[in-house]
Each structure stands twice: as C-alpha cells, then as structure tokens.
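> Quick one: the structure is below, questions incoming.
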Amino acid sequence: MKRYSSTPRVVRGGSVAALAVTLLLAAGCGSDGSDGGGSSDGTLKVSSLGYCSEIPLWWAEEKGLFDDRGLDVELVEAGGGGSTTIAAAVGGSVDVAFTAPGEVIQAIQGGTPLTWIATAYGFPTDEEAATSGAMVKDGSSIERFSDLEGRTVALTAVGGVSEATVAGAIRADGGDPSSVKWVALPGGQLLQAVLSGKVDVAQTPLPVASMEGLRNIGSPHTLVTGGVSMPFAGYAQTTDFYTSHEKQAEDFYDALTQAGEELNDPANADEMYRIMAERCGQTVEALKQTPMNPIMADVNMPGLEKYVDILVQGKVVREDSLPDLEELVAPFAQSGS
C-alpha cells in the first residue's frame, strides 16, 4: 500500500553559500536536534520528488522488499530538488533524502556531514540508451561537441550540473568550453530557440515531441562517462543519523539492490511500467518510448571520482574542500574500488 505524507517546501539555493543558509535554517527547525532527523515511531521516512526514475523505491515498496527486511518505509512528498530534500533531512522531517552527488557535496562543503547510502540510477553509458540530447538546427555546421567552442548553448539552468556536464562533454571531445556562451531558458522554449537561430544548440531530455528541422549531435551525459558507470541520483542521510541507524541503512540498500535486479529482468517490464504510470502520472505508452537511466543501487567508486572531477571543473563544487569519497559513501554501497 502506498503511504505518503508531505513536507514543507524549502527555497532551493543556487550556490554552496545559499545551500548552507537553507541547511542552517532547517537545522534550527529540527524535531530534537539530536541527530539531524529520525522518526520516534521507528518509521523510515524517505523523500520522494515524484520522478518516474524513482521506480526502484516504488518497486521495493509495492513488492514488499522493505517489509521483508523489517523496514517500515513511509514516502514523503517533497517539492523543489535535491537540496530541498537534504534540508528536510537536516530538519528532521525525513530520514533519507533523494538527491544527487553534487548537492550532497555542496551541503558537506557548507558544513553539513552527509552519508550516501544507495544509488537510484546512473548516467547512461550507451548512446543508444541516451536520456538526453544536444539539438542543433538541421543544416548547422555543428557536428560534434568540440564544435561548440564559441557557440551559444541553451540549458534550463546555468552554472549547475547541466552546464558542467555539457562542458565536460566538450572537453571529452577535445574542445575547450571556456568560450561557450551559456543561456538559461524555460524547457518549453529550448527547441524553438534553436529553430529560430537564437541559440546554436540546446541540451534537452529525450525523446522530443518533433525532430522536424532539428538534429541531435549526441548525449552529453553519455559522452562524459567514457563508458564508466557514474551515479546520477540516489539517497543520503545525515551522518549522525546514519551512524546510529547503520543496519537500517544497509537493509534499505539491500532492498533497492533486489529491486534493481528484478527491474532489470525483461520479464518484469510490464509490471514496472504499470507502477511507474500510476506513480508519476505518465501513460504506459509514453513511458515505453522514453529512455531510462540504468538502475543500480551501488556506487562505482571510480565513476564517482570521475563525476566529481567534472563537477569541480564546472565549478559546481570546490576542489579545496572535497570530502573523502570512501567516507562519503557507506561501505556496503561501494563497488569497483
């Protein structure tokens, strides 16, 4: 049975400093301040943003994988993004934050110790399974990411992970992103901006409604991986809470690991799409046409190191105060070391 509650929305910070202020305010509103979160009735409260890609969490809940391990999991709806859910964990309204590695590192650099306990999904490493593309106008001289030097690139937000990823793709293709002009536009305006000539390229999710007049030069997310598995999003706890609930965290990880194994079985595809459609408001037909990020619960440590390097080069996180990645990720979730 689905169990949902809601958590107050917190304004998302756009920088390490802004995030630090948000987390400081959240800490001041904690239920008891003892461990940065925790449910007095033994329930494990897990934040959910309602993304279709959260299917491992929903599968584990519906198939009783949490119950099998004695976990009483309650999903808490959250607005905003990964920094919102981290603030909720610090404030005590959730025990597990659904977030991304960059936002976790930003929070740590702002003075909030966090531990990554499980991955939800990773970057696609195969161009045929790409979940994003870089659209140029049909007939453009731009053929590859290194051709973006000196060009105007549109994203839904600048100065964050998306910009760092496209910049990383340019570097991976032998180019220099320093001369790129980055432009932020609403998602619904990206492709029209390319067609009108306002921008040279737009990074956008796949698939797009129509490719008429457009050409995809490739996926920046796939190119930056170089074939190495990297975590895209997952689950973190305040380190104090994790330290005092380590067995619970490992059971949560084990449940998501089993969920991933079952979801990667083609025999379960119809059931997977049914649950996704019910939970994220899409039709089964639309979901079947939408590429999925690879599902995994573990963290490939060389891949995480590579991703952090991309974030450093993109100035999303600071190099001078990076956490020890082997301390950041719970030992049971580490792989590939």
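Here's how to read the names in the structure tokens: chain A, B, ... by the order shown, residue numbers from 1 in each chain, ligand numbers from 1 in the order shown.
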Got a sec: who's within 7 Å of region 210-218 of chain A, counting only C-alpha atoms, leaving out chain neighbours fewer than 4 positions off, as JSON, numbers by chain?
{"A": [133, 134, 135, 136, 137, 138, 143, 144, 195]}
> Neighbours of Pro101 (chain A) within 9 Å (only C-alpha atoms; same-chain residues fewer than 3 positions away dropped), as a list in words?
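The residues satisfying every condition are Val104, Ile105, Gln106, Trp116, Pro231, Phe232, Ala233, Gly234, Leu304, Tyr307 and Val308 of chain A.
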> Include N, CA, C and O atoms and write out the residues we just selected as an mmCIF file, in the first residue's frame.

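Saved to selection.cif:
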data_model
loop_
_atom_site.group_PDB
_atom_site.id
_atom_site.type_symbol
_atom_site.label_atom_id
_atom_site.label_comp_id
_atom_site.auth_asym_id
_atom_site.auth_seq_id
_atom_site.Cartn_x
_atom_site.Cartn_y
_atom_site.Cartn_z
ATOM 1 N N VAL A 104 24.901 16.796 -2.533
ATOM 2 C CA VAL A 104 25.431 16.244 -1.284
ATOM 3 C C VAL A 104 26.785 16.871 -0.967
ATOM 4 O O VAL A 104 27.051 17.287 0.172
ATOM 5 N N ILE A 105 27.651 16.953 -1.956
ATOM 6 C CA ILE A 105 28.979 17.540 -1.732
ATOM 7 C C ILE A 105 28.865 19.022 -1.413
ATOM 8 O O ILE A 105 29.579 19.541 -0.534
ATOM 9 N N GLN A 106 27.967 19.737 -2.087
ATOM 10 C CA GLN A 106 27.738 21.149 -1.746
ATOM 11 C C GLN A 106 27.337 21.297 -0.279
ATOM 12 O O GLN A 106 27.820 22.188 0.425
ATOM 13 N N TRP A 116 26.145 8.942 1.806
ATOM 14 C CA TRP A 116 25.400 8.380 0.676
ATOM 15 C C TRP A 116 25.177 6.900 0.955
ATOM 16 O O TRP A 116 26.132 6.148 1.144
ATOM 17 N N PRO A 231 27.145 7.486 -10.732
ATOM 18 C CA PRO A 231 25.846 7.699 -10.083
ATOM 19 C C PRO A 231 25.239 9.034 -10.492
ATOM 20 O O PRO A 231 25.914 10.053 -10.502
ATOM 21 N N PHE A 232 23.957 9.020 -10.809
ATOM 22 C CA PHE A 232 23.235 10.230 -11.209
ATOM 23 C C PHE A 232 22.418 10.783 -10.040
ATOM 24 O O PHE A 232 22.406 11.984 -9.790
ATOM 25 N N ALA A 233 21.714 9.894 -9.347
ATOM 26 C CA ALA A 233 20.877 10.309 -8.212
ATOM 27 C C ALA A 233 20.747 9.147 -7.250
ATOM 28 O O ALA A 233 20.948 7.981 -7.619
ATOM 29 N N GLY A 234 20.409 9.457 -6.008
ATOM 30 C CA GLY A 234 20.273 8.405 -5.018
ATOM 31 C C GLY A 234 19.860 8.950 -3.666
ATOM 32 O O GLY A 234 19.209 9.998 -3.578
ATOM 33 N N LEU A 304 32.314 7.602 -9.548
ATOM 34 C CA LEU A 304 32.009 8.739 -8.702
ATOM 35 C C LEU A 304 33.160 9.731 -8.708
ATOM 36 O O LEU A 304 32.952 10.949 -8.789
ATOM 37 N N TYR A 307 32.999 11.662 -11.872
ATOM 38 C CA TYR A 307 31.899 12.622 -11.868
ATOM 39 C C TYR A 307 32.245 13.835 -11.017
ATOM 40 O O TYR A 307 31.958 14.975 -11.396
ATOM 41 N N VAL A 308 32.849 13.608 -9.871
ATOM 42 C CA VAL A 308 33.240 14.723 -9.009
ATOM 43 C C VAL A 308 34.241 15.625 -9.725
ATOM 44 O O VAL A 308 34.186 16.853 -9.606
#
> Counting only C-alpha atoms, which of A:Val183, A:Leu322, A:Leu206, A:Ala120 gets nearest to Ile295 (chain A)?
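Closest to Ile295 (chain A), using only C-alpha atoms: A:Ala120.
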> Provide the CA of Met301 (chain A) to CA of Gly122 (chain A) distance in Å, to one decimal place.
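Atom-to-atom, CA of Met301 (chain A) to CA of Gly122 (chain A), that is 12.3 Å.
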> When DSSP works through the backbone of this structure, what residues of region 220-262 of chain A end up as alpha helix (DSSP H), shown as a list in words?
Pro220, His221, Thr222, Leu223, Val224, Thr225, Thr239, Asp240, Phe241, Tyr242, Thr243, Ser244, Glu246, Lys247, Gln248, Ala249, Glu250, Asp251, Phe252, Tyr253, Asp254, Ala255, Leu256, Thr257, Gln258, Ala259, Gly260, Glu261 and Glu262 of chain A
> Would you mind exporting N, CA and C atoms of the selected residues as a PDB file, in the first residue's frame?

ATOM      1  N   PRO A 220      25.332  14.517 -24.049  1.00  0.00           N
ATOM      2  CA  PRO A 220      26.467  14.930 -23.221  1.00  0.00           C
ATOM      3  C   PRO A 220      26.671  13.993 -22.029  1.00  0.00           C
ATOM      4  N   HIS A 221      25.570  13.481 -21.486  1.00  0.00           N
ATOM      5  CA  HIS A 221      25.676  12.587 -20.332  1.00  0.00           C
ATOM      6  C   HIS A 221      26.411  11.303 -20.690  1.00  0.00           C
ATOM      7  N   THR A 222      26.133  10.775 -21.870  1.00  0.00           N
ATOM      8  CA  THR A 222      26.806   9.548 -22.293  1.00  0.00           C
ATOM      9  C   THR A 222      28.279   9.795 -22.598  1.00  0.00           C
ATOM     10  N   LEU A 223      28.568  10.903 -23.271  1.00  0.00           N
ATOM     11  CA  LEU A 223      29.945  11.196 -23.664  1.00  0.00           C
ATOM     12  C   LEU A 223      30.863  11.384 -22.456  1.00  0.00           C
ATOM     13  N   VAL A 224      30.379  12.075 -21.421  1.00  0.00           N
ATOM     14  CA  VAL A 224      31.259  12.345 -20.276  1.00  0.00           C
ATOM     15  C   VAL A 224      31.613  11.084 -19.502  1.00  0.00           C
ATOM     16  N   THR A 225      30.781  10.036 -19.597  1.00  0.00           N
ATOM     17  CA  THR A 225      31.079   8.825 -18.835  1.00  0.00           C
ATOM     18  C   THR A 225      32.281   8.091 -19.386  1.00  0.00           C
ATOM     19  N   THR A 239      25.007  12.235   8.529  1.00  0.00           N
ATOM     20  CA  THR A 239      25.956  11.238   9.021  1.00  0.00           C
ATOM     21  C   THR A 239      25.634  10.811  10.441  1.00  0.00           C
ATOM     22  N   ASP A 240      25.146  11.723  11.264  1.00  0.00           N
ATOM     23  CA  ASP A 240      24.760  11.352  12.628  1.00  0.00           C
ATOM     24  C   ASP A 240      23.648  10.304  12.615  1.00  0.00           C
ATOM     25  N   PHE A 241      22.646  10.534  11.754  1.00  0.00           N
ATOM     26  CA  PHE A 241      21.537   9.571  11.691  1.00  0.00           C
ATOM     27  C   PHE A 241      22.024   8.233  11.150  1.00  0.00           C
ATOM     28  N   TYR A 242      22.843   8.276  10.100  1.00  0.00           N
ATOM     29  CA  TYR A 242      23.371   7.041   9.521  1.00  0.00           C
ATOM     30  C   TYR A 242      24.164   6.246  10.556  1.00  0.00           C
ATOM     31  N   THR A 243      25.018   6.924  11.302  1.00  0.00           N
ATOM     32  CA  THR A 243      25.874   6.250  12.275  1.00  0.00           C
ATOM     33  C   THR A 243      25.059   5.501  13.328  1.00  0.00           C
ATOM     34  N   SER A 244      23.922   6.079  13.713  1.00  0.00           N
ATOM     35  CA  SER A 244      23.099   5.445  14.742  1.00  0.00           C
ATOM     36  C   SER A 244      22.042   4.501  14.164  1.00  0.00           C
ATOM     37  N   GLU A 246      22.852   2.327  11.182  1.00  0.00           N
ATOM     38  CA  GLU A 246      23.593   1.757  10.060  1.00  0.00           C
ATOM     39  C   GLU A 246      22.948   0.480   9.528  1.00  0.00           C
ATOM     40  N   LYS A 247      22.470  -0.392  10.404  1.00  0.00           N
ATOM     41  CA  LYS A 247      21.823  -1.628   9.958  1.00  0.00           C
ATOM     42  C   LYS A 247      20.571  -1.304   9.148  1.00  0.00           C
ATOM     43  N   GLN A 248      19.814  -0.320   9.575  1.00  0.00           N
ATOM     44  CA  GLN A 248      18.617   0.092   8.844  1.00  0.00           C
ATOM     45  C   GLN A 248      18.985   0.604   7.445  1.00  0.00           C
ATOM     46  N   ALA A 249      20.061   1.387   7.367  1.00  0.00           N
ATOM     47  CA  ALA A 249      20.518   1.911   6.080  1.00  0.00           C
ATOM     48  C   ALA A 249      20.954   0.775   5.155  1.00  0.00           C
ATOM     49  N   GLU A 250      21.653  -0.218   5.701  1.00  0.00           N
ATOM     50  CA  GLU A 250      22.099  -1.333   4.874  1.00  0.00           C
ATOM     51  C   GLU A 250      20.916  -2.168   4.391  1.00  0.00           C
ATOM     52  N   ASP A 251      19.908  -2.325   5.229  1.00  0.00           N
ATOM     53  CA  ASP A 251      18.702  -3.040   4.806  1.00  0.00           C
ATOM     54  C   ASP A 251      17.994  -2.283   3.679  1.00  0.00           C
ATOM     55  N   PHE A 252      17.960  -0.960   3.777  1.00  0.00           N
ATOM     56  CA  PHE A 252      17.368  -0.129   2.725  1.00  0.00           C
ATOM     57  C   PHE A 252      18.134  -0.336   1.422  1.00  0.00           C
ATOM     58  N   TYR A 253      19.453  -0.324   1.501  1.00  0.00           N
ATOM     59  CA  TYR A 253      20.298  -0.562   0.323  1.00  0.00           C
ATOM     60  C   TYR A 253      20.037  -1.946  -0.267  1.00  0.00           C
ATOM     61  N   ASP A 254      19.957  -2.953   0.580  1.00  0.00           N
ATOM     62  CA  ASP A 254      19.721  -4.317   0.103  1.00  0.00           C
ATOM     63  C   ASP A 254      18.382  -4.428  -0.617  1.00  0.00           C
ATOM     64  N   ALA A 255      17.366  -3.750  -0.097  1.00  0.00           N
ATOM     65  CA  ALA A 255      16.046  -3.785  -0.735  1.00  0.00           C
ATOM     66  C   ALA A 255      16.101  -3.149  -2.121  1.00  0.00           C
ATOM     67  N   LEU A 256      16.829  -2.019  -2.256  1.00  0.00           N
ATOM     68  CA  LEU A 256      16.952  -1.373  -3.561  1.00  0.00           C
ATOM     69  C   LEU A 256      17.801  -2.194  -4.516  1.00  0.00           C
ATOM     70  N   THR A 257      18.786  -2.915  -3.966  1.00  0.00           N
ATOM     71  CA  THR A 257      19.585  -3.811  -4.808  1.00  0.00           C
ATOM     72  C   THR A 257      18.714  -4.901  -5.408  1.00  0.00           C
ATOM     73  N   GLN A 258      17.872  -5.513  -4.578  1.00  0.00           N
ATOM     74  CA  GLN A 258      16.964  -6.540  -5.081  1.00  0.00           C
ATOM     75  C   GLN A 258      15.967  -5.945  -6.072  1.00  0.00           C
ATOM     76  N   ALA A 259      15.476  -4.745  -5.774  1.00  0.00           N
ATOM     77  CA  ALA A 259      14.550  -4.076  -6.691  1.00  0.00           C
ATOM     78  C   ALA A 259      15.201  -3.877  -8.058  1.00  0.00           C
ATOM     79  N   GLY A 260      16.463  -3.446  -8.057  1.00  0.00           N
ATOM     80  CA  GLY A 260      17.174  -3.238  -9.311  1.00  0.00           C
ATOM     81  C   GLY A 260      17.328  -4.515 -10.105  1.00  0.00           C
ATOM     82  N   GLU A 261      17.645  -5.609  -9.415  1.00  0.00           N
ATOM     83  CA  GLU A 261      17.795  -6.898 -10.094  1.00  0.00           C
ATOM     84  C   GLU A 261      16.482  -7.319 -10.742  1.00  0.00           C
ATOM     85  N   GLU A 262      15.385  -7.108 -10.044  1.00  0.00           N
ATOM     86  CA  GLU A 262      14.081  -7.501 -10.571  1.00  0.00           C
ATOM     87  C   GLU A 262      13.641  -6.577 -11.698  1.00  0.00           C
TER      88      GLU A 262
END
> Suppose you want the space between CA of Val317 (chain A) and CA of Met230 (chain A); what is it in Å?
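Answer for the CA of Val317 (chain A) to CA of Met230 (chain A) separation: 16.7 Å.
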> Env of Glu271 (chain A): 12 Å cut, atoms = only C-alpha atoms, seq-sep filter 4 positions within chain, self excluded. Answer as an MDAnalysis selection string.
chainID A and resid 55 58:59 62:63 262:267 275:278 284 288
> Can you tell me which residues surround region 158-163 of chain A at a distance of at most 7 Å, considering only C-alpha atoms, apart from same-chain residues fewer than 6 positions away, and format the answer as a ChimeraX atom specification?
/A:182-184,311,316
> Just want the 12 Å neighbourhood of Leu114 (chain A), counted on only C-alpha atoms, with same-chain residues fewer than 5 positions away dropped. Output as a PyMOL selection string.
chain A and resi 23+35-37+86-87+89-90+95-97+99-101+103-109+235-243+323-325+327-330
> Keeping N, CA and C atoms for every residue in the selection just given, could you write it to a file as a compact mmCIF listing (two decimals), in the first residue's frame?

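Wrote selection.txt, looks like this:
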# COMPACT_ATOMS: atom_id res chain seq x y z
N LEU A 23 20.28 25.05 4.90
CA LEU A 23 20.51 23.96 5.83
C LEU A 23 20.60 24.44 7.26
N ASP A 35 20.13 14.21 16.15
CA ASP A 35 20.86 13.51 15.10
C ASP A 35 20.48 13.98 13.71
N GLY A 36 19.92 15.17 13.59
CA GLY A 36 19.58 15.70 12.28
C GLY A 36 18.45 14.96 11.62
N GLY A 37 17.56 14.34 12.37
CA GLY A 37 16.43 13.63 11.80
C GLY A 37 16.10 12.43 12.64
N ILE A 86 17.59 17.42 1.17
CA ILE A 86 18.67 17.45 2.17
C ILE A 86 18.27 18.32 3.34
N ALA A 87 17.70 19.49 3.04
CA ALA A 87 17.25 20.38 4.12
C ALA A 87 16.19 19.69 4.97
N ALA A 89 16.00 16.48 5.54
CA ALA A 89 16.70 15.51 6.39
C ALA A 89 17.37 16.18 7.56
N VAL A 90 18.00 17.33 7.31
CA VAL A 90 18.65 18.08 8.39
C VAL A 90 17.61 18.56 9.39
N ASP A 95 14.12 11.03 6.96
CA ASP A 95 15.33 10.35 7.40
C ASP A 95 16.28 10.06 6.25
N VAL A 96 15.72 9.99 5.04
CA VAL A 96 16.50 9.68 3.85
C VAL A 96 16.15 10.70 2.77
N ALA A 97 17.15 11.36 2.21
CA ALA A 97 16.94 12.38 1.19
C ALA A 97 17.23 11.81 -0.19
N THR A 99 18.42 12.68 -3.63
CA THR A 99 19.22 13.82 -4.03
C THR A 99 20.24 13.40 -5.08
N ALA A 100 21.26 14.21 -5.29
CA ALA A 100 22.30 13.94 -6.28
C ALA A 100 23.67 14.17 -5.67
N PRO A 101 24.71 13.54 -6.22
CA PRO A 101 26.05 13.68 -5.62
C PRO A 101 26.52 15.12 -5.49
N GLU A 103 24.82 17.88 -5.06
CA GLU A 103 24.15 18.60 -3.97
C GLU A 103 24.59 18.08 -2.61
N VAL A 104 24.90 16.80 -2.53
CA VAL A 104 25.43 16.24 -1.28
C VAL A 104 26.78 16.87 -0.97
N ILE A 105 27.65 16.95 -1.96
CA ILE A 105 28.98 17.54 -1.73
C ILE A 105 28.86 19.02 -1.41
N GLN A 106 27.97 19.74 -2.09
CA GLN A 106 27.74 21.15 -1.75
C GLN A 106 27.34 21.30 -0.28
N ALA A 107 26.45 20.43 0.19
CA ALA A 107 26.00 20.51 1.58
C ALA A 107 27.14 20.22 2.54
N ILE A 108 27.96 19.22 2.22
CA ILE A 108 29.11 18.90 3.07
C ILE A 108 30.07 20.08 3.12
N GLN A 109 30.31 20.70 1.97
CA GLN A 109 31.21 21.86 1.93
C GLN A 109 30.62 23.06 2.66
N TYR A 235 20.29 8.27 -2.62
CA TYR A 235 19.77 8.52 -1.28
C TYR A 235 20.89 8.80 -0.27
N ALA A 236 20.68 9.82 0.54
CA ALA A 236 21.66 10.22 1.55
C ALA A 236 20.98 10.48 2.88
N GLN A 237 21.75 10.36 3.93
CA GLN A 237 21.29 10.66 5.29
C GLN A 237 22.29 11.59 5.96
N THR A 238 21.83 12.29 6.99
CA THR A 238 22.82 13.00 7.80
C THR A 238 23.73 11.93 8.40
N THR A 239 25.01 12.23 8.53
CA THR A 239 25.96 11.24 9.02
C THR A 239 25.63 10.81 10.44
N ASP A 240 25.15 11.72 11.26
CA ASP A 240 24.76 11.35 12.63
C ASP A 240 23.65 10.30 12.61
N PHE A 241 22.65 10.53 11.75
CA PHE A 241 21.54 9.57 11.69
C PHE A 241 22.02 8.23 11.15
N TYR A 242 22.84 8.28 10.10
CA TYR A 242 23.37 7.04 9.52
C TYR A 242 24.16 6.25 10.56
N THR A 243 25.02 6.92 11.30
CA THR A 243 25.87 6.25 12.28
C THR A 243 25.06 5.50 13.33
N PRO A 323 35.14 16.16 0.13
CA PRO A 323 35.18 15.10 1.14
C PRO A 323 35.91 13.87 0.61
N ASP A 324 36.38 13.04 1.52
CA ASP A 324 36.95 11.75 1.17
C ASP A 324 35.79 10.89 0.65
N LEU A 325 35.85 10.47 -0.60
CA LEU A 325 34.72 9.76 -1.20
C LEU A 325 34.47 8.41 -0.53
N GLU A 327 34.71 7.90 2.57
CA GLU A 327 33.97 8.21 3.79
C GLU A 327 32.57 8.72 3.47
N LEU A 328 32.43 9.34 2.31
CA LEU A 328 31.12 9.85 1.89
C LEU A 328 30.14 8.73 1.64
N VAL A 329 30.60 7.65 0.98
CA VAL A 329 29.72 6.54 0.61
C VAL A 329 29.79 5.44 1.66
N ALA A 330 28.62 4.97 2.10
CA ALA A 330 28.59 3.88 3.08
C ALA A 330 29.35 2.68 2.53
